[in-house]
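> If you scroll down you'll find the structure; I have some questions about it.
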Amino acid sequence: MTLVFVLRITLLALRESVAGFVLALGAAYLPFLCCAVLTASLAVQAQVSDAWQPVPKEDLLLKDNPVNPGSSAMILEREVYTDDEKRLQREWVRIKIFDEEGGKYGDVEIPYVARSTSIEDIRGRTVRQDGTVIEFQGTVFDNLVFKHKKLRYQAKTFTLPGVEAGAVVEYAYTMRWKQALPDYVRHPAAYLFTDGWTIPTATWTIQRELFTRHARLVFRPVKGGNLGWVTVRVTDNPPSTQPDGSVRMEVTNVAAVEEEDYMPPISTVNSRVHFYYRVGPLWDFWSGYGKISAKEAEKLINKTKFLEHVAREIAPPSDPADLRLHKLYTRVQQIRYISYEPSKTEKEMKRESLAENKSAEDILRHGYGFGNEINFLFTALARAAGFDASIVQVADRRTTFFEPTVLDGSQLTAIIVLVRLSDKLLYLDPASRFCPYGVVPWFETDTRGVLWDQRGGSVIAIPAQTSESAVIRRTAELKLQPDGAMEGKVEIGFDGQEALDRRLSAAETDEAGRRDLVEDEIKQWLPPGVSLTLDSVTGWELAEEPVRVKCHFYAAHFAAFTQHRMLFPPAIFQANRRAALTGWRRHQPVYFDHPYSEVDDITISLPAGYRLEALPEDVAANTKFAAFKATHLSADRKVHLERRADMNGYFFPLDAYSPLLRYSWQLRKSDADNVVLHLLEEAQGR
């Protein structure tokens, strides 16, 4: 489950630092909050100027990006000055707009954490190609992006005036941190530390959505602080310490991170520099991190006499071990999970007056939990029942991959429970809504994390899923009419991870909304012109059962005709869009979230007046990462298609794209092959 529980003041500092909070929420806002990218003006500056720098005439006349032709816009200059002594960051960015699409960069969004930061001194302007200057004098809006308890993640938004192709837009602002750095960061020599940890501070994101022509990065640390940093995918001009104690880095012609369908999270492909302050001994950072986390969470996961009594009632010792654990899991999932409920106003929250959970007993007695408290309760009950259960904090693959060299625990944004049961390891996540026993959501699989252990944590790998853990089963009984119309019944079952995916995506919708989501998805699998009517959708609330769909299929013109023949594709369900890759050129790796299987069983009754002339060829394709098989049979004037596609891989680097693309084309070619019917002579005159 996504981590929202704060463990200790040091981890609170992690959480409310810029880098820590943004990595916890995801990569979408990483370029805005986590970076400290400075571009050079003509003079070397230590901080962003309060006055606009003149726009060179050659920049106003620039019609395209000479390094990357065809760009809709590019960053010409960027300056950001981050000062940890004053706890502020001043940022200025200048962007050249080349076409209408690039005009979207005149809409500015500056996210921030309302509790710990403020945005001040916002200014902006547009300089048109003829040199006309239009100052921003509009309204700055303050929008709520995300809220949890007292944590508010907001964004200042505004639109620069007069944006058009050929113009240069620029804006500047100041971000201030309300919380001072701990005294032990400023004066570490005055403290005796038994454990070691880090306090993350600025993160420089080098690669962005737009090409950057010139950037200079400057960071001024606190005096006396034990500063460290690590680079991720930085190959040229690494940061260096200056005589005045600041750290600087200058870059030119930085390629944009080109976004594509089915690409990994941006934070896993761009280049970055992470800064942090070292506190105490850091002989083995992740071991110490797991040790500190385990100590601070002890009240929430420690077994007690009361919990032992409850555990015996829920799961009697006479039951088999796996059944006992399953019963505890089921009971914990019955706890009211407030974090999944619709957001409430502060007045509504105050009216309900929910008491804070300070222990696992509190969670059980109160009957509700926030964030990961349900996983903590499950761990405590499992321990009370005699199981060897531990917390594992992992990287959520939706937003990031674990970087062990980055000494920042905020990259571990999800929590699961590890139970050692006889000779096997079980990874469980009862705090994830609708997650069945024995399963964790895909974004918590094939990832790495840190095991919490008071003797010292350790980095462990969470196993990957197989295609059998996420299956879509589709059956159809259809009848083809002499006029080429097709009609019949279709049933679809979403099993395992596929069911969990749909339950989570529809969690905030009503029954009508759920039906619309399912109907829209199924229509994407079908050829154009098909009318689909849902009869029923069941299994939404049954975590360990498939989501089942029954519907009616009708296509008025499904078959095509020649003078004496009728042709139609028996594969009415086209290849999953995850396999529908196009184009030989690819900039980013391919990322499908998780392995999956599609199993089709389609029977089509043939119309009177026609005889079967030809069936599509059977296909069997096997690769290192996938397998596909399509078998066509005919009997009793029916055509039967059995089709199975297993995608066993989900991450494909660029050098693996060509075989993946060939496999995708092979599937689509097979799906497009036609059954051929011949018009009988006695029917030709009708």
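FYI, nothing fancy with the structure tokens labels: chains A, B, ... in order, residues from 1 per chain, ligands from 1 as they appear.
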If we count only C-alpha atoms, what is near A:Leu210 at a cut-off of 8 Å, once residues fewer than 6 positions away on the same chain are taken out, given as a PyMOL selection string?
chain A and resi 73-75+255-257
> Mind dumping a table of every stretch 463-535 of chain A residue within 12 Å of stretch 667-672 of chain A, with the nearest atom pair and its distance in Å to one decimal, using only C-alpha atoms, sorted by chain and rising number, as JSON lines?

{"residue": "A:Trp525", "atom": "CA", "partner": "A:Asp671", "partner_atom": "CA", "distance": 11.2}
{"residue": "A:Leu526", "atom": "CA", "partner": "A:Asp671", "partner_atom": "CA", "distance": 11.1}
{"residue": "A:Pro527", "atom": "CA", "partner": "A:Ala672", "partner_atom": "CA", "distance": 10.3}
> If you measure from atom CA of A:Val232 to atom CA of A:Pro188, what distance in Å do you get, rounded to one decimal?
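Atom CA of A:Pro188 lies at a distance of 27.2 Å from atom CA of A:Val232.
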> Within 12 Å of A:Ser458, counting only C-alpha atoms, which residues show up once you throw out same-chain ones fewer than 5 positions away? Write them as a list in words, please.
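Neighbouring residues, sequence-local ones excluded: Asp284, Phe285, Trp286, Ser287, Gly288, Tyr289, Gly290, Lys291, Ile292, Ser293, Ala294, Ser390, Ile391, Val392, Gln393, Val394, Pro404, Arg448, Gly449, Val450, Leu451, Trp452 and Asp453 of chain A.
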> Go ahead and dump the residues you just picked, C-alpha atoms, as a tab-separated table (two decimals), in the first residue's frame.

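Contents of the output file out.tsv:
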chain	number	residue	atom	x	y	z
A	284	ASP	CA	25.49	0.72	5.58
A	285	PHE	CA	22.72	3.22	4.93
A	286	TRP	CA	19.92	0.81	4.02
A	287	SER	CA	20.66	-1.52	6.92
A	288	GLY	CA	20.44	1.44	9.27
A	289	TYR	CA	17.30	2.71	7.55
A	290	GLY	CA	15.55	-0.62	8.08
A	291	LYS	CA	16.72	-0.74	11.69
A	292	ILE	CA	15.50	2.78	12.54
A	293	SER	CA	12.17	2.21	10.76
A	294	ALA	CA	11.56	-1.04	12.64
A	390	SER	CA	7.84	-8.24	8.82
A	391	ILE	CA	7.24	-4.92	7.08
A	392	VAL	CA	8.94	-4.34	3.72
A	393	GLN	CA	9.06	-0.82	2.31
A	394	VAL	CA	9.33	-0.93	-1.48
A	404	PRO	CA	20.21	1.97	-3.96
A	448	ARG	CA	13.21	-3.86	-4.53
A	449	GLY	CA	12.78	-2.56	-1.04
A	450	VAL	CA	14.09	-2.57	2.51
A	451	LEU	CA	13.11	-5.11	5.13
A	452	TRP	CA	12.46	-3.50	8.52
A	453	ASP	CA	14.44	-5.33	11.17
> Which is closest to A:Asp183 among A:Leu428, A:Leu60, A:Val140, A:Val279, if we use only C-alpha atoms?
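Among A:Leu428, A:Leu60, A:Val140, A:Val279, it is A:Val279 that comes nearest to A:Asp183.
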> Using DSSP secondary structure from the backbone, list all alpha helix (DSSP H) positions within stretch 113-225 of chain A, as a list in words.
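Alpha helix (DSSP H) members of stretch 113-225 of chain A, listed: Asp183, Tyr184, Val185 and Arg186 of chain A.
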> Give me the residues within 12 Å of A:Thr132 as a ChimeraX atom specification, counting only C-alpha atoms and dropping any in the same chain fewer than 2 places off.
/A:55,60,125-130,134-135,161-163,166-169
> I'd like the neighbourhood of A:Ala389 as a ChimeraX atom specification, where a residue qualifies if any of its atoms comes within 10 Å (using only C-alpha atoms), though same-chain residues fewer than 2 positions away should be ignored.
/A:301,378-384,386-387,391-392,417-421,425-427
> Could the residues in this selection be saved with all heavy atoms as a short mmCIF file (atom, residue, chain, number, x, y, z; two decimals), in the first residue's frame?

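New file result22.cif:
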data_model
loop_
_atom_site.label_atom_id
_atom_site.label_comp_id
_atom_site.auth_asym_id
_atom_site.auth_seq_id
_atom_site.Cartn_x
_atom_site.Cartn_y
_atom_site.Cartn_z
N ILE A 301 3.30 -2.56 15.39
CA ILE A 301 3.38 -3.93 14.88
C ILE A 301 3.76 -4.94 15.96
O ILE A 301 3.86 -6.14 15.67
CB ILE A 301 4.38 -4.03 13.70
CG1 ILE A 301 5.79 -3.62 14.13
CG2 ILE A 301 3.93 -3.20 12.53
CD1 ILE A 301 6.82 -3.75 13.00
N PHE A 378 -2.22 -5.95 10.42
CA PHE A 378 -2.08 -7.34 9.96
C PHE A 378 -0.76 -7.94 10.44
O PHE A 378 -0.70 -9.09 10.90
CB PHE A 378 -2.15 -7.40 8.44
CG PHE A 378 -1.89 -8.77 7.87
CD1 PHE A 378 -2.81 -9.80 8.05
CD2 PHE A 378 -0.71 -9.05 7.19
CE1 PHE A 378 -2.57 -11.06 7.55
CE2 PHE A 378 -0.47 -10.31 6.69
CZ PHE A 378 -1.40 -11.32 6.86
N THR A 379 0.31 -7.16 10.37
CA THR A 379 1.61 -7.65 10.84
C THR A 379 1.56 -7.97 12.33
O THR A 379 2.06 -9.01 12.78
CB THR A 379 2.70 -6.60 10.57
OG1 THR A 379 2.71 -6.26 9.18
CG2 THR A 379 4.08 -7.11 10.97
N ALA A 380 0.92 -7.08 13.10
CA ALA A 380 0.83 -7.31 14.55
C ALA A 380 0.00 -8.55 14.87
O ALA A 380 0.37 -9.35 15.73
CB ALA A 380 0.23 -6.07 15.22
N LEU A 381 -1.14 -8.73 14.19
CA LEU A 381 -1.97 -9.91 14.42
C LEU A 381 -1.26 -11.19 14.00
O LEU A 381 -1.35 -12.22 14.67
CB LEU A 381 -3.29 -9.77 13.66
CG LEU A 381 -4.36 -8.88 14.30
CD1 LEU A 381 -5.54 -8.71 13.36
CD2 LEU A 381 -4.82 -9.45 15.63
N ALA A 382 -0.55 -11.12 12.87
CA ALA A 382 0.19 -12.30 12.42
C ALA A 382 1.26 -12.69 13.43
O ALA A 382 1.44 -13.87 13.74
CB ALA A 382 0.80 -12.03 11.04
N ARG A 383 1.96 -11.71 13.98
CA ARG A 383 2.96 -11.99 15.00
C ARG A 383 2.30 -12.55 16.26
O ARG A 383 2.83 -13.47 16.88
CB ARG A 383 3.74 -10.73 15.32
CG ARG A 383 4.69 -10.28 14.22
CD ARG A 383 5.48 -9.05 14.64
NE ARG A 383 6.51 -8.70 13.66
CZ ARG A 383 7.39 -7.73 13.81
NH1 ARG A 383 7.37 -6.99 14.92
NH2 ARG A 383 8.29 -7.48 12.87
N ALA A 384 1.15 -11.97 16.62
CA ALA A 384 0.44 -12.46 17.81
C ALA A 384 -0.02 -13.90 17.63
O ALA A 384 -0.17 -14.64 18.61
CB ALA A 384 -0.75 -11.55 18.10
N GLY A 386 1.74 -16.09 16.10
CA GLY A 386 2.92 -16.94 16.03
C GLY A 386 3.63 -16.96 14.69
O GLY A 386 4.58 -17.73 14.50
N PHE A 387 3.20 -16.12 13.73
CA PHE A 387 3.85 -16.10 12.42
C PHE A 387 5.05 -15.15 12.44
O PHE A 387 5.09 -14.18 13.19
CB PHE A 387 2.86 -15.65 11.35
CG PHE A 387 1.74 -16.62 11.09
CD1 PHE A 387 0.49 -16.41 11.64
CD2 PHE A 387 1.96 -17.75 10.31
CE1 PHE A 387 -0.54 -17.31 11.41
CE2 PHE A 387 0.93 -18.65 10.08
CZ PHE A 387 -0.32 -18.44 10.63
N ILE A 391 7.58 -5.98 8.02
CA ILE A 391 7.24 -4.92 7.08
C ILE A 391 8.37 -4.80 6.05
O ILE A 391 9.55 -4.85 6.39
CB ILE A 391 7.06 -3.58 7.80
CG1 ILE A 391 5.84 -3.64 8.72
CG2 ILE A 391 6.92 -2.44 6.81
CD1 ILE A 391 4.51 -3.73 8.00
N VAL A 392 7.98 -4.63 4.79
CA VAL A 392 8.94 -4.34 3.72
C VAL A 392 8.48 -3.06 3.03
O VAL A 392 7.33 -2.95 2.59
CB VAL A 392 9.03 -5.47 2.70
CG1 VAL A 392 10.07 -5.13 1.63
CG2 VAL A 392 9.37 -6.79 3.38
N VAL A 417 3.71 -6.63 3.39
CA VAL A 417 4.04 -7.48 4.54
C VAL A 417 4.64 -8.79 4.04
O VAL A 417 4.09 -9.43 3.13
CB VAL A 417 2.79 -7.78 5.38
CG1 VAL A 417 3.16 -8.63 6.60
CG2 VAL A 417 2.11 -6.48 5.82
N LEU A 418 5.77 -9.17 4.61
CA LEU A 418 6.42 -10.44 4.31
C LEU A 418 6.14 -11.42 5.45
O LEU A 418 6.42 -11.11 6.61
CB LEU A 418 7.93 -10.24 4.14
CG LEU A 418 8.79 -11.51 4.11
CD1 LEU A 418 8.41 -12.41 2.95
CD2 LEU A 418 10.27 -11.16 4.07
N VAL A 419 5.60 -12.58 5.10
CA VAL A 419 5.35 -13.64 6.09
C VAL A 419 6.12 -14.88 5.64
O VAL A 419 5.95 -15.35 4.51
CB VAL A 419 3.85 -13.96 6.22
CG1 VAL A 419 3.65 -15.06 7.26
CG2 VAL A 419 3.07 -12.71 6.61
N ARG A 420 6.96 -15.38 6.53
CA ARG A 420 7.69 -16.62 6.25
C ARG A 420 6.84 -17.78 6.74
O ARG A 420 6.70 -18.00 7.93
CB ARG A 420 9.05 -16.59 6.93
CG ARG A 420 9.96 -15.47 6.42
CD ARG A 420 11.21 -15.33 7.27
NE ARG A 420 12.09 -14.29 6.76
CZ ARG A 420 11.97 -13.01 7.07
NH1 ARG A 420 11.00 -12.61 7.89
NH2 ARG A 420 12.80 -12.11 6.57
N LEU A 421 6.29 -18.52 5.79
CA LEU A 421 5.36 -19.59 6.11
C LEU A 421 5.97 -20.91 5.66
O LEU A 421 6.07 -21.19 4.47
CB LEU A 421 4.02 -19.36 5.40
CG LEU A 421 2.86 -20.26 5.77
CD1 LEU A 421 2.50 -20.09 7.24
CD2 LEU A 421 1.65 -19.95 4.90
N LEU A 425 7.92 -17.90 1.11
CA LEU A 425 7.77 -16.51 1.49
C LEU A 425 6.49 -15.97 0.86
O LEU A 425 6.29 -16.08 -0.36
CB LEU A 425 8.97 -15.68 1.01
CG LEU A 425 10.35 -16.12 1.51
CD1 LEU A 425 11.43 -15.20 0.93
CD2 LEU A 425 10.40 -16.12 3.03
N LEU A 426 5.64 -15.37 1.67
CA LEU A 426 4.40 -14.78 1.17
C LEU A 426 4.49 -13.26 1.29
O LEU A 426 4.82 -12.72 2.36
CB LEU A 426 3.19 -15.26 1.98
CG LEU A 426 2.72 -16.69 1.76
CD1 LEU A 426 1.51 -16.97 2.65
CD2 LEU A 426 2.36 -16.93 0.30
N TYR A 427 4.21 -12.57 0.19
CA TYR A 427 4.15 -11.11 0.19
C TYR A 427 2.68 -10.72 0.08
O TYR A 427 1.98 -11.13 -0.85
CB TYR A 427 4.96 -10.53 -0.96
CG TYR A 427 6.44 -10.77 -0.82
CD1 TYR A 427 7.05 -11.87 -1.41
CD2 TYR A 427 7.23 -9.90 -0.06
CE1 TYR A 427 8.40 -12.10 -1.26
CE2 TYR A 427 8.59 -10.13 0.09
CZ TYR A 427 9.17 -11.23 -0.52
OH TYR A 427 10.52 -11.46 -0.37
#
> Within 9 Å of stretch 588-602 of chain A, which residues of stretch 459-485 of chain A show up? Give each one with its shortest atom-to-atom distance in Å (one decimal) and the two atoms involved, counting only C-alpha atoms, rows by chain then rising residue number, as CSV.

residue,atom,partner,partner_atom,distance
A:Ala464,CA,A:His594,CA,8.4
A:Gln465,CA,A:Pro595,CA,6.7
A:Thr466,CA,A:Pro595,CA,5.8
A:Ser467,CA,A:Tyr596,CA,4.1
A:Glu468,CA,A:Ser597,CA,6.5
A:Ser469,CA,A:Tyr596,CA,7.1
A:Ala470,CA,A:Tyr596,CA,4.8
A:Val471,CA,A:Ser597,CA,4.7
A:Ile472,CA,A:Glu598,CA,4.9
A:Arg473,CA,A:Val599,CA,4.8
A:Arg474,CA,A:Asp600,CA,4.8
A:Thr475,CA,A:Asp601,CA,4.7
A:Ala476,CA,A:Ile602,CA,4.7
A:Glu477,CA,A:Ile602,CA,6.3
A:Leu478,CA,A:Ile602,CA,7.8
> Taking only C-alpha atoms into account, name the residue in A:Glu541, A:Asp429, A:Glu250, A:Glu617 that is nearest to A:Ala507.
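The answer is A:Glu541, which sits nearest to A:Ala507.
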> DSSP says strand (DSSP E or B) for which residues of stretch 265-502 of chain A? Put them as a PyMOL selection string?
chain A and resi 272-279+336-337+368-369+388-394+414-421+424-428+448-451+458-461+470-480+486-496
> Could you list, as JSON, numbers by chain, every residue within 6 Å of A:Gly196, counting only C-alpha atoms and ignoring same-chain residues fewer than 3 positions away?
{"A": [279, 280, 281, 282]}
> Quick one: write out the picked residues with N, CA and C atoms as a PDB file, in the first residue's frame?

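File produced: selection_20.pdb:
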ATOM      1  N   VAL A 279      23.983  12.431   8.400  1.00  0.00           N
ATOM      2  CA  VAL A 279      23.836  12.564   9.856  1.00  0.00           C
ATOM      3  C   VAL A 279      24.262  11.245  10.491  1.00  0.00           C
ATOM      4  N   GLY A 280      25.273  11.288  11.321  1.00  0.00           N
ATOM      5  CA  GLY A 280      25.729  10.072  11.988  1.00  0.00           C
ATOM      6  C   GLY A 280      26.493   9.155  11.048  1.00  0.00           C
ATOM      7  N   PRO A 281      26.856   7.961  11.540  1.00  0.00           N
ATOM      8  CA  PRO A 281      27.651   7.026  10.740  1.00  0.00           C
ATOM      9  C   PRO A 281      26.816   6.370   9.636  1.00  0.00           C
ATOM     10  N   LEU A 282      27.341   6.333   8.424  1.00  0.00           N
ATOM     11  CA  LEU A 282      26.619   5.756   7.284  1.00  0.00           C
ATOM     12  C   LEU A 282      27.414   4.598   6.681  1.00  0.00           C
TER      13      LEU A 282
END
> Between A:Val67, A:Leu328, A:Ala172, A:Leu300, which has the minimum distance to A:Gln89 (counting only C-alpha atoms)?
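Looking only at the distances to A:Gln89, the closest residue turns out to be A:Ala172.
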> Find the residue from A:Val675, A:Ile416, A:Leu532, A:Ile460 that sits nearest to A:Pro430; use only C-alpha atoms when measuring.
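Once distances to A:Pro430 are computed over only C-alpha atoms, the minimum belongs to A:Ile416.
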> Using only C-alpha atoms, pick whichever of A:Val549, A:Asn68, A:Lys305, A:Thr623 has the shortest atom-to-atom distance to A:Glu519.
A:Val549
> Rank nothing, just name the residue among A:Thr201, A:Ser116, A:Thr139, A:Gln179 nearest to A:Leu407, using only C-alpha atoms.
A:Thr201
> Which value, in Å to one decimal, gives the distance between atom CA of A:Asp520 and atom CA of A:Gly496?
20.6 Å
